[in-house]
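> So I've got this file, target24.txt, and it contains compact mmCIF, C-alpha atoms:
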```txt
# COMPACT_ATOMS: atom_id res chain seq x y z
CA MET A 925 24.86 31.19 -5.42
CA ARG A 926 25.70 27.92 -3.73
CA ASN A 927 22.92 25.33 -3.78
CA GLN A 928 23.22 23.47 -0.51
CA LEU A 929 21.54 20.08 -0.62
CA ILE A 930 19.83 20.43 2.75
CA SER A 931 18.06 23.56 1.50
CA LEU A 932 17.12 21.96 -1.82
CA LEU A 933 15.79 18.94 0.05
CA GLY A 934 13.41 21.18 1.98
CA GLU A 935 12.06 22.67 -1.25
CA TYR A 936 11.73 19.22 -2.82
CA LEU A 937 9.83 17.71 0.09
CA SER A 938 7.53 20.72 0.21
CA GLU A 939 6.72 20.26 -3.46
CA LEU A 940 5.98 16.56 -2.94
CA THR A 941 3.40 17.54 -0.34
CA ARG A 942 1.86 20.60 -2.01
CA LEU A 943 1.88 19.69 -5.69
CA LYS A 944 2.22 15.91 -5.83
CA GLY A 945 -0.13 15.10 -2.96
CA TYR A 946 2.22 12.57 -1.36
CA SER A 947 1.20 11.31 2.07
CA ALA A 948 3.01 12.44 5.21
CA ASN A 949 4.47 8.95 5.70
CA THR A 950 5.84 8.83 2.16
CA VAL A 951 7.43 12.27 2.47
CA LYS A 952 8.93 11.28 5.83
CA SER A 953 10.44 8.17 4.26
CA TYR A 954 11.99 10.11 1.36
CA SER A 955 13.30 12.69 3.80
CA ALA A 956 15.07 10.04 5.90
CA ASP A 957 16.62 8.36 2.86
CA LEU A 958 17.87 11.61 1.33
CA ARG A 959 19.16 12.99 4.61
CA GLY A 960 21.13 9.78 4.92
CA PHE A 961 22.91 10.58 1.66
CA ILE A 962 23.50 14.21 2.70
CA ASP A 963 25.01 13.11 6.03
CA PHE A 964 27.20 10.56 4.24
CA GLN A 965 28.39 13.15 1.73
CA ALA A 966 29.06 15.67 4.50
CA ALA A 967 31.37 13.13 6.16
CA GLU A 968 33.11 12.50 2.83
CA ASN A 969 33.54 16.23 2.20
CA GLY A 970 34.80 16.80 5.73
CA SER A 971 37.67 14.41 5.15
CA VAL A 972 38.99 16.73 2.44
CA GLY A 973 38.15 20.00 4.21
CA ARG A 974 35.12 20.99 2.18
CA ASP A 975 31.87 22.64 3.28
CA GLU A 976 28.49 20.95 3.58
CA PRO A 977 27.13 19.12 0.50
CA GLU A 978 25.88 21.13 -2.44
CA ALA A 979 24.10 20.33 -5.69
CA ARG A 980 27.46 19.72 -7.36
CA ASP A 981 27.89 16.73 -5.04
CA LEU A 982 25.03 14.96 -6.84
CA THR A 983 27.24 12.83 -9.06
CA THR A 984 26.79 9.25 -10.16
CA GLU A 985 29.99 8.31 -8.33
CA ASN A 986 28.82 9.84 -5.04
CA LEU A 987 25.39 8.25 -5.30
CA ARG A 988 26.93 4.85 -5.98
CA ASN A 989 29.38 5.26 -3.12
CA TYR A 990 26.50 5.95 -0.75
CA LEU A 991 24.54 2.89 -1.88
CA TRP A 992 27.71 0.80 -1.51
CA PHE A 993 28.14 2.17 2.01
CA VAL A 994 24.53 1.25 2.84
CA THR A 995 25.01 -2.22 1.38
CA LYS A 996 28.17 -2.81 3.42
CA ASP A 997 26.17 -1.79 6.49
CA SER A 998 24.10 -4.98 5.94
CA ALA A 999 21.00 -3.18 4.64
CA ALA A 1000 18.42 -5.40 2.96
CA LYS A 1001 18.09 -5.29 -0.83
CA SER A 1002 14.67 -3.70 -0.49
CA THR A 1003 16.16 -0.91 1.66
CA VAL A 1004 18.93 -0.21 -0.85
CA ALA A 1005 16.42 -0.24 -3.71
CA ARG A 1006 14.17 2.22 -1.87
CA LYS A 1007 17.07 4.58 -1.21
CA ALA A 1008 18.14 4.35 -4.86
CA THR A 1009 14.63 5.31 -5.94
CA ALA A 1010 14.63 8.30 -3.58
CA LEU A 1011 18.00 9.45 -4.93
CA ARG A 1012 16.87 9.11 -8.55
CA MET A 1013 13.72 11.13 -7.92
CA PHE A 1014 15.62 13.86 -6.10
CA SER A 1015 18.36 14.14 -8.71
CA ALA A 1016 15.73 14.29 -11.48
CA TRP A 1017 14.01 17.13 -9.62
CA CYS A 1018 17.29 19.01 -9.20
CA TYR A 1019 18.02 18.60 -12.90
CA ALA A 1020 14.53 19.74 -13.92
CA HIS A 1021 14.96 22.88 -11.78
CA ASN A 1022 18.41 23.60 -13.28
CA PHE A 1023 20.35 23.09 -10.06
CA ILE A 1024 22.57 20.56 -11.88
CA GLU A 1025 23.53 20.28 -15.54
CA VAL A 1026 23.39 16.48 -15.79
CA ASP A 1027 21.03 14.04 -14.05
CA PRO A 1028 23.28 11.46 -12.32
CA GLY A 1029 20.31 9.32 -11.29
CA LEU A 1030 19.83 8.12 -14.87
CA ARG A 1031 22.87 5.85 -14.45
CA LEU A 1032 22.02 4.69 -10.95
CA LYS A 1033 20.78 1.11 -10.77
CA SER A 1034 18.86 -0.66 -8.02
CA PRO A 1035 19.55 -4.20 -6.81
CA LYS A 1036 17.23 -6.84 -8.21
CA LEU A 1037 14.68 -7.86 -5.64
CA ASP A 1038 13.37 -11.33 -4.98
CA ARG A 1039 9.64 -10.74 -5.04
CA PRO A 1040 7.74 -13.40 -3.10
CA LEU A 1041 4.29 -14.24 -4.37
CA PRO A 1042 1.65 -12.48 -2.27
CA ALA A 1043 -0.37 -14.40 0.29
CA VAL A 1044 -3.73 -15.45 -1.12
CA VAL A 1045 -6.75 -16.90 0.64
CA SER A 1046 -8.48 -19.55 -1.46
CA ALA A 1047 -12.05 -18.86 -2.55
CA GLU A 1048 -13.23 -21.76 -0.38
CA SER A 1049 -11.37 -20.48 2.68
CA MET A 1050 -12.64 -16.96 2.00
CA LYS A 1051 -16.19 -18.26 2.04
CA GLN A 1052 -15.49 -20.07 5.30
CA LEU A 1053 -14.01 -16.93 6.84
CA LEU A 1054 -16.97 -14.76 5.88
CA ASN A 1055 -19.38 -17.35 7.26
CA TRP A 1056 -17.46 -17.32 10.58
CA VAL A 1057 -17.68 -13.56 10.86
CA ALA A 1058 -21.33 -13.47 9.74
CA GLU A 1059 -22.29 -15.73 12.66
CA THR A 1060 -21.32 -12.94 15.07
CA ALA A 1061 -23.20 -10.22 13.15
CA THR A 1062 -26.35 -10.28 15.27
CA VAL A 1063 -28.69 -7.55 16.50
CA ASP A 1064 -27.22 -7.68 20.01
CA ASN A 1065 -23.60 -7.59 18.77
CA PRO A 1066 -22.86 -4.36 16.85
CA THR A 1067 -19.12 -5.16 16.91
CA GLY A 1068 -19.79 -8.36 14.97
CA VAL A 1069 -21.90 -6.40 12.47
CA ARG A 1070 -19.05 -3.94 11.96
CA ASP A 1071 -16.45 -6.68 11.61
CA LEU A 1072 -18.53 -8.37 8.94
CA LEU A 1073 -18.62 -5.11 6.98
CA VAL A 1074 -14.84 -4.75 7.30
CA PHE A 1075 -14.25 -8.18 5.74
CA GLU A 1076 -16.94 -7.81 3.09
CA LEU A 1077 -15.61 -4.44 1.90
CA LEU A 1078 -11.95 -5.49 1.91
CA TYR A 1079 -12.68 -8.58 -0.14
CA SER A 1080 -15.40 -7.06 -2.33
CA THR A 1081 -13.47 -3.92 -3.32
CA GLY A 1082 -9.78 -4.76 -2.83
CA ALA A 1083 -9.35 -1.56 -0.80
CA ARG A 1084 -6.16 -0.92 1.13
CA VAL A 1085 -6.63 -0.89 4.90
CA SER A 1086 -5.89 2.86 5.08
CA GLU A 1087 -8.47 3.49 2.34
CA LEU A 1088 -11.06 1.49 4.26
CA ALA A 1089 -10.38 3.35 7.51
CA ASN A 1090 -10.89 6.71 5.75
CA LEU A 1091 -14.31 5.88 4.27
CA ASN A 1092 -17.15 8.23 5.16
CA LEU A 1093 -20.91 7.86 4.87
CA ASP A 1094 -20.93 9.78 1.60
CA SER A 1095 -18.33 7.40 0.14
CA ILE A 1096 -21.17 5.01 -0.70
CA ASP A 1097 -23.15 5.40 -3.94
CA TYR A 1098 -26.14 3.19 -3.19
CA SER A 1099 -27.92 3.71 -6.51
CA ARG A 1100 -25.02 2.39 -8.56
CA GLY A 1101 -23.46 0.04 -6.00
CA LEU A 1102 -20.15 1.89 -6.01
CA LEU A 1103 -17.66 2.90 -3.35
CA SER A 1104 -15.68 6.13 -3.71
CA ILE A 1105 -12.13 5.39 -2.54
CA ILE A 1106 -9.37 7.96 -2.04
CA GLY A 1107 -6.08 6.18 -2.75
CA LYS A 1108 -2.42 7.09 -2.88
CA GLY A 1109 -1.70 10.64 -3.99
CA ASN A 1110 -5.30 11.58 -3.07
CA LYS A 1111 -6.50 9.95 -6.28
CA GLN A 1112 -10.15 8.97 -6.32
CA ARG A 1113 -11.43 5.77 -7.88
CA MET A 1114 -14.89 4.25 -8.02
CA VAL A 1115 -15.05 0.54 -7.18
CA PRO A 1116 -18.20 -1.63 -7.36
CA PHE A 1117 -19.23 -3.75 -4.39
CA GLY A 1118 -21.26 -6.94 -4.51
CA GLU A 1119 -24.65 -7.78 -3.02
CA PRO A 1120 -23.22 -9.41 0.15
CA ALA A 1121 -21.23 -6.24 0.85
CA GLY A 1122 -24.34 -4.16 0.17
CA ARG A 1123 -26.31 -6.19 2.71
CA ALA A 1124 -23.48 -5.79 5.23
CA ILE A 1125 -23.56 -2.01 4.70
CA ASP A 1126 -27.33 -1.90 5.31
CA LEU A 1127 -27.03 -4.05 8.42
CA TRP A 1128 -24.27 -1.87 9.84
CA LEU A 1129 -26.06 1.42 9.17
CA GLN A 1130 -29.36 0.16 10.56
CA GLN A 1131 -28.30 -1.96 13.54
CA GLY A 1132 -24.58 -1.50 14.19
CA ARG A 1133 -23.42 2.08 13.73
CA PRO A 1134 -26.30 3.67 15.72
CA ALA A 1135 -25.17 1.71 18.79
CA PHE A 1136 -21.69 3.30 18.64
CA LEU A 1137 -22.64 6.76 17.37
CA ASN A 1138 -21.90 9.83 19.51
CA GLU A 1139 -20.98 13.51 19.13
CA HIS A 1140 -17.38 12.61 18.17
CA SER A 1141 -18.26 10.22 15.35
CA GLY A 1142 -18.67 12.73 12.54
CA ASP A 1143 -19.34 11.10 9.18
CA ALA A 1144 -16.89 8.21 9.58
CA LEU A 1145 -18.35 4.99 8.19
CA LEU A 1146 -16.60 2.57 10.55
CA LEU A 1147 -16.63 3.29 14.28
CA THR A 1148 -15.14 1.85 17.44
CA ALA A 1149 -17.33 1.03 20.44
CA LYS A 1150 -16.41 4.50 21.78
CA GLY A 1151 -17.75 6.20 18.66
CA ASN A 1152 -14.37 7.11 17.16
CA ARG A 1153 -13.24 6.34 13.62
CA LEU A 1154 -11.93 2.78 13.40
CA GLY A 1155 -8.18 3.01 12.83
CA VAL A 1156 -5.73 1.19 10.57
CA ARG A 1157 -4.07 -0.67 13.44
CA GLN A 1158 -7.41 -1.87 14.78
CA ILE A 1159 -8.48 -3.14 11.37
CA PHE A 1160 -5.15 -4.88 10.87
CA ASP A 1161 -5.39 -6.66 14.23
CA LEU A 1162 -8.98 -7.72 13.55
CA VAL A 1163 -8.18 -9.18 10.13
CA ALA A 1164 -4.89 -10.79 11.21
CA LYS A 1165 -6.59 -12.54 14.11
CA ASN A 1166 -9.14 -14.20 11.83
CA LEU A 1167 -6.72 -14.96 8.98
CA ALA A 1168 -4.34 -16.75 11.35
CA ALA A 1169 -6.61 -19.79 11.33
CA LEU A 1170 -6.81 -20.04 7.54
CA PRO A 1171 -4.51 -21.81 5.02
CA LEU A 1172 -2.73 -19.23 2.88
CA ALA A 1173 -0.70 -19.48 -0.31
CA GLY A 1174 2.58 -17.65 0.20
CA ALA A 1175 3.39 -18.35 3.83
CA SER A 1176 6.15 -15.72 4.01
CA ALA A 1177 3.70 -12.86 3.51
CA PRO A 1178 2.20 -11.03 6.50
CA LEU A 1179 -1.25 -12.24 7.45
CA GLY A 1180 -3.07 -8.91 7.38
CA PRO A 1181 -5.66 -7.00 5.34
CA HIS A 1182 -3.40 -6.98 2.29
CA ALA A 1183 -3.99 -10.73 1.97
CA LEU A 1184 -7.64 -9.91 1.22
CA ARG A 1185 -6.55 -7.34 -1.39
CA HIS A 1186 -4.30 -9.99 -2.95
CA SER A 1187 -7.16 -12.48 -2.90
CA PHE A 1188 -9.52 -9.95 -4.48
CA ALA A 1189 -7.15 -9.42 -7.41
CA THR A 1190 -6.21 -13.07 -7.86
CA HIS A 1191 -9.80 -14.32 -7.77
CA LEU A 1192 -10.79 -11.71 -10.35
CA LEU A 1193 -8.05 -12.89 -12.72
CA ASP A 1194 -8.93 -16.54 -12.04
CA GLY A 1195 -12.51 -15.67 -12.99
CA GLY A 1196 -11.51 -14.16 -16.33
CA ALA A 1197 -11.14 -10.44 -15.58
CA ASP A 1198 -8.58 -8.63 -17.73
CA LEU A 1199 -5.42 -7.24 -16.16
CA ARG A 1200 -6.16 -3.62 -17.06
CA SER A 1201 -9.51 -3.72 -15.25
CA VAL A 1202 -7.90 -5.20 -12.15
CA GLN A 1203 -5.29 -2.44 -12.28
CA GLU A 1204 -8.04 0.20 -12.26
CA LEU A 1205 -9.89 -1.48 -9.40
CA LEU A 1206 -6.73 -1.71 -7.28
CA GLY A 1207 -5.68 1.86 -8.03
CA HIS A 1208 -2.24 0.86 -9.30
CA ALA A 1209 -0.43 3.61 -11.21
CA ASN A 1210 1.55 1.07 -13.25
CA LEU A 1211 0.34 -2.11 -14.88
CA ALA A 1212 3.61 -3.80 -13.92
CA THR A 1213 2.56 -3.65 -10.26
CA THR A 1214 -0.62 -5.56 -11.06
CA GLN A 1215 1.17 -8.25 -13.09
CA ILE A 1216 2.37 -10.01 -9.93
CA TYR A 1217 -1.13 -11.45 -9.66
CA THR A 1218 -0.82 -13.18 -13.02
CA HIS A 1219 2.13 -15.06 -11.53
CA VAL A 1220 -0.01 -16.07 -8.58
CA SER A 1221 -2.69 -17.44 -10.92
CA VAL A 1222 -0.11 -19.35 -12.98
CA GLU A 1223 1.38 -20.89 -9.84
CA ARG A 1224 -2.07 -21.97 -8.69
CA LEU A 1225 -2.70 -23.58 -12.07
CA ARG A 1226 0.66 -25.34 -11.92
CA ASP A 1227 -0.10 -26.70 -8.45
CA SER A 1228 -3.49 -27.98 -9.61
CA TYR A 1229 -1.86 -29.62 -12.62
CA LYS A 1230 0.74 -31.39 -10.48
CA GLN A 1231 -1.91 -32.67 -8.12
CA ALA A 1232 -4.40 -33.82 -10.75
CA HIS A 1233 -2.49 -34.99 -13.84
CA PRO A 1234 -1.19 -38.58 -13.77
CA ARG A 1235 1.97 -37.65 -15.72
CA ALA A 1236 2.66 -34.29 -14.11
```
What would the structure in this file look like if it were written as C-alpha cells?

Amino acid sequence: MRNQLISLLGEYLSELTRLKGYSANTVKSYSADLRGFIDFQAAENGSVGRDEPEARDLTTENLRNYLWFVTKDSAAKSTVARKATALRMFSAWCYAHNFIEVDPGLRLKSPKLDRPLPAVVSAESMKQLLNWVAETATVDNPTGVRDLLVFELLYSTGARVSELANLNLDSIDYSRGLLSIIGKGNKQRMVPFGEPAGRAIDLWLQQGRPAFLNEHSGDALLLTAKGNRLGVRQIFDLVAKNLAALPLAGASAPLGPHALRHSFATHLLDGGADLRSVQELLGHANLATTQIYTHVSVERLRDSYKQAHPRA
C-alpha cells in the first residue's frame, strides 16, 4: 500500500491534538509547515513524472532541499528553524509508525539562531508601574481594579497572557495562596502568588467583578465591562500601553505581557532562586529554555560592574 504524505499528515495532526494535547494554533502551524514541504516535493516529483509525495520521499536529501529552497526565498532563520523542527517531528513519527525504515530527520540540522536577551523591567520600574495602576483601582472604577489584578498576577506568577485569560474563579486556592494554571499541552502547574496579588484578587472579587458580572460571564475570573471573559488581545494592549512609558532592558523585544514574565523570572534569579524552581514556576518543559534568564542576570551584573567599578 502506498503511504501518501498528505494522508499521513492528517493522521499525525490528529494524534497531536488527541493524544499530545497540542493547542489548535500549534497544530495549525505544524500543518502549514509540513504542507509546504509536501507541495514542494509534489513540484519536484512532477518534474520527473511521478505521482504525489509518499513516505518514501521523506529522505534527508529532500528535507535539506526544501529547507534550502525556503532559505533562498529569504525566509528568516527562525522560520527555517521552525520548519526544520516540524519536519524532524513528522519524520520521527513516520519512523515510529513503520511508514519509513530510516528516520531522515536525525541528520537534519537547524540554522543557529541569534537569541536576543528578553526585555526586562527593572524592579524599581516595576514598583513604579504597579503604583501607577493602583492609583486607578478605586471603588468607582472597576476597570482600574481589574487592570491592577492583571498586572499583579502577571508579575507575581509569571503566567503567560493566554494562561491568565483562561483563569476561572476556581483557579484560586485561597488557603494556600496558590494559582492553578493550565499551560501548554494542557499541563497544570500550581504557582504561589504574593500578598499584593492576594489583596488585588480580594479587591476585584468584592468591588470590581460584581460591577461587570452578567448572565454571560460564567466562571471567568477576568471580565470586560460587558461581562465577557477578558481576551488575550485586550490584555496585551493593556499591558503594552503601560509598559511603553517604562525603561526596558532589551529594547528589541516586544513590549507586551511577556516582558512581565521575563521580569518575574529574572528577579527571582537575582534574588537567589535556583534555576530548577524557576523552570517549574514558568512551566518550561526543558531547563535549557529557562537558562536564558541566567544570561540576563549576568548581563545586568556586568552593566552594574562597568558603571560602578573605577577600573572596569
> Which residue gives the smallest distance to Arg1113 in chain A among A:Asp1027, A:Glu1087, A:Glu1059, A:Glu935, with all atoms listed in the file counted?
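Looking at the shortest contact to Arg1113 in chain A, the residue is A:Glu1087.
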> Write out as a ChimeraX atom specification each polymer residue whose atoms come within 6 Å of Pro977 in chain A, counting all atoms listed in the file; drop sequence neighbours fewer than 2 positions from it.
/A:928-929,966
> A:Ile1159, A:Leu1088, A:Ala1058, A:Ala999: which is nearest Ala1124 in chain A, counting only C-alpha atoms?
A:Ala1058
> For CA of Phe1136 in chain A and CA of Gly1118 in chain A, determine how far apart the two atoms are, in Å to one decimal place.
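One can read the CA of Phe1136 in chain A to CA of Gly1118 in chain A distance as 25.3 Å.
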> Determine, counting only C-alpha atoms, which protein, DNA and RNA residues have an atom within 12 Å of an atom of His1208 in chain A; residues of the same chain fewer than 2 positions away are not included. Present the result as a list in words.
Gly1082, Ala1083, Arg1084, Gly1107, Lys1108, Gly1109, Lys1111, Gln1112, Arg1113, Ala1189, Leu1199, Arg1200, Ser1201, Val1202, Gln1203, Glu1204, Leu1205, Leu1206, Asn1210, Leu1211, Ala1212, Thr1213, Thr1214, Gln1215 and Ile1216 of chain A
> Calculate how many Å separate CA of Thr1003 in chain A from CA of Asn969 in chain A, rounding to one decimal.
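Separation between CA of Thr1003 in chain A and CA of Asn969 in chain A: 24.4 Å.
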> If we count all atoms listed in the file, what is near Arg1123 in chain A at a cut-off of 12 Å, once residues fewer than 6 positions away on the same chain are taken out, given as a PyMOL selection string?
chain A and resi 1058+1061+1069-1070+1072-1073+1076-1077+1098+1101+1117+1129-1131
> Any idea what the distance is between CA of Arg1185 in chain A and CA of Ser1080 in chain A?
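CA of Ser1080 in chain A lies 8.9 Å from CA of Arg1185 in chain A.
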> Rank A:Ala1016, A:Leu1091, A:Ile1105, A:Leu958 by their smallest atom-to-atom distance to Gly1155 in chain A, using all atoms listed in the file, and report the top residue only.
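Using all atoms listed in the file, Gly1155 in chain A sits closest to A:Leu1091.
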> Taking 4 positions as the minimum chain separation for residues in the same chain, which residues sit within 6 Å of Leu1103 in chain A when counting all atoms listed in the file? Answer as a ChimeraX atom specification.
/A:1095-1096,1114-1115
> List the neighbours of Ser1141 in chain A out to 8 Å using only C-alpha atoms; skip same-chain residues closer than 3 positions along the sequence, and give me the result as a PDB file with C-alpha atoms, keeping the file's coordinate frame.

```pdb
ATOM      1  CA  LEU A1137     -22.640   6.760  17.370  1.00  0.00           C
ATOM      2  CA  ASN A1138     -21.900   9.830  19.510  1.00  0.00           C
ATOM      3  CA  ALA A1144     -16.890   8.210   9.580  1.00  0.00           C
ATOM      4  CA  LEU A1147     -16.630   3.290  14.280  1.00  0.00           C
ATOM      5  CA  GLY A1151     -17.750   6.200  18.660  1.00  0.00           C
ATOM      6  CA  ASN A1152     -14.370   7.110  17.160  1.00  0.00           C
ATOM      7  CA  ARG A1153     -13.240   6.340  13.620  1.00  0.00           C
TER       8      ARG A1153
END
```
> List every protein, DNA or RNA residue that has at least one atom no more than 9 Å from (22.1, -3.9, -4.7) in the file's coordinates, counting all atoms listed in the file, and write the result as a list in words.
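Residues close enough to count: Leu991, Trp992, Thr995, Ala1000, Lys1001, Ser1002, Val1004, Ala1005, Lys1033, Ser1034, Pro1035, Lys1036 and Leu1037 of chain A.
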> Tell me which residues come within 9 Å of (-14.8, -8.9, 5.1), as number ranges by chain, counting only C-alpha atoms in the file's coordinates.
A: 1050, 1053-1054, 1057, 1071-1080, 1121, 1163, 1184
> Selected residues, C-alpha atoms, written as a PDB file, keeping the file's coordinate frame, please.

```pdb
ATOM      1  CA  MET A1050     -12.640 -16.960   2.000  1.00  0.00           C
ATOM      2  CA  LEU A1053     -14.010 -16.930   6.840  1.00  0.00           C
ATOM      3  CA  LEU A1054     -16.970 -14.760   5.880  1.00  0.00           C
ATOM      4  CA  VAL A1057     -17.680 -13.560  10.860  1.00  0.00           C
ATOM      5  CA  ASP A1071     -16.450  -6.680  11.610  1.00  0.00           C
ATOM      6  CA  LEU A1072     -18.530  -8.370   8.940  1.00  0.00           C
ATOM      7  CA  LEU A1073     -18.620  -5.110   6.980  1.00  0.00           C
ATOM      8  CA  VAL A1074     -14.840  -4.750   7.300  1.00  0.00           C
ATOM      9  CA  PHE A1075     -14.250  -8.180   5.740  1.00  0.00           C
ATOM     10  CA  GLU A1076     -16.940  -7.810   3.090  1.00  0.00           C
ATOM     11  CA  LEU A1077     -15.610  -4.440   1.900  1.00  0.00           C
ATOM     12  CA  LEU A1078     -11.950  -5.490   1.910  1.00  0.00           C
ATOM     13  CA  TYR A1079     -12.680  -8.580  -0.140  1.00  0.00           C
ATOM     14  CA  SER A1080     -15.400  -7.060  -2.330  1.00  0.00           C
ATOM     15  CA  ALA A1121     -21.230  -6.240   0.850  1.00  0.00           C
ATOM     16  CA  VAL A1163      -8.180  -9.180  10.130  1.00  0.00           C
ATOM     17  CA  LEU A1184      -7.640  -9.910   1.220  1.00  0.00           C
TER      18      LEU A1184
END
```
> Go through A:Ser1104, A:Asn1166, A:Thr950, A:Thr1062 and flag the residue nearest Ala1010 in chain A, using all atoms listed in the file for the distances.
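Answer, going by the shortest atom-to-atom distance: A:Thr950.
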> Select range 1071-1090 of chain A in the preceding structure and write N, CA and C atoms to a file as a tab-separated table (two decimals), in the first residue's frame.

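In the end it all went to part_27.tsv:
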```tsv
chain	number	residue	atom	x	y	z
A	1071	ASP	N	-7.54	45.99	36.09
A	1071	ASP	CA	-6.22	46.17	35.49
A	1071	ASP	C	-5.11	45.96	36.52
A	1072	LEU	N	-5.36	46.38	37.74
A	1072	LEU	CA	-4.38	46.14	38.80
A	1072	LEU	C	-4.17	44.64	39.01
A	1073	LEU	N	-5.27	43.88	39.00
A	1073	LEU	CA	-5.16	42.44	39.17
A	1073	LEU	C	-4.38	41.80	38.02
A	1074	VAL	N	-4.62	42.28	36.81
A	1074	VAL	CA	-3.89	41.76	35.64
A	1074	VAL	C	-2.38	41.91	35.85
A	1075	PHE	N	-1.94	43.10	36.22
A	1075	PHE	CA	-0.50	43.34	36.41
A	1075	PHE	C	0.05	42.56	37.59
A	1076	GLU	N	-0.69	42.53	38.69
A	1076	GLU	CA	-0.21	41.83	39.88
A	1076	GLU	C	-0.05	40.34	39.60
A	1077	LEU	N	-1.01	39.73	38.91
A	1077	LEU	CA	-0.92	38.30	38.64
A	1077	LEU	C	0.17	37.97	37.63
A	1078	LEU	N	0.30	38.79	36.58
A	1078	LEU	CA	1.35	38.53	35.60
A	1078	LEU	C	2.73	38.59	36.24
A	1079	TYR	N	2.94	39.58	37.08
A	1079	TYR	CA	4.26	39.75	37.69
A	1079	TYR	C	4.47	38.80	38.87
A	1080	SER	N	3.41	38.49	39.60
A	1080	SER	CA	3.53	37.65	40.78
A	1080	SER	C	3.67	36.17	40.45
A	1081	THR	N	3.11	35.74	39.30
A	1081	THR	CA	3.11	34.32	38.97
A	1081	THR	C	3.91	33.98	37.72
A	1082	GLY	N	4.24	34.98	36.89
A	1082	GLY	CA	4.95	34.69	35.65
A	1082	GLY	C	4.09	33.99	34.62
A	1083	ALA	N	2.77	34.10	34.75
A	1083	ALA	CA	1.86	33.42	33.82
A	1083	ALA	C	1.97	34.00	32.42
A	1084	ARG	N	1.76	33.16	31.42
A	1084	ARG	CA	1.64	33.63	30.05
A	1084	ARG	C	0.30	34.35	29.92
A	1085	VAL	N	0.20	35.24	28.95
A	1085	VAL	CA	-1.03	36.02	28.79
A	1085	VAL	C	-2.23	35.11	28.50
A	1086	SER	N	-2.03	34.05	27.71
A	1086	SER	CA	-3.13	33.13	27.41
A	1086	SER	C	-3.56	32.38	28.67
A	1087	GLU	N	-2.59	32.04	29.53
A	1087	GLU	CA	-2.89	31.36	30.78
A	1087	GLU	C	-3.70	32.26	31.70
A	1088	LEU	N	-3.34	33.53	31.73
A	1088	LEU	CA	-4.06	34.48	32.56
A	1088	LEU	C	-5.50	34.64	32.08
A	1089	ALA	N	-5.68	34.77	30.77
A	1089	ALA	CA	-7.01	34.96	30.21
A	1089	ALA	C	-7.93	33.78	30.51
A	1090	ASN	N	-7.37	32.59	30.64
A	1090	ASN	CA	-8.17	31.38	30.84
A	1090	ASN	C	-8.44	31.06	32.31
```
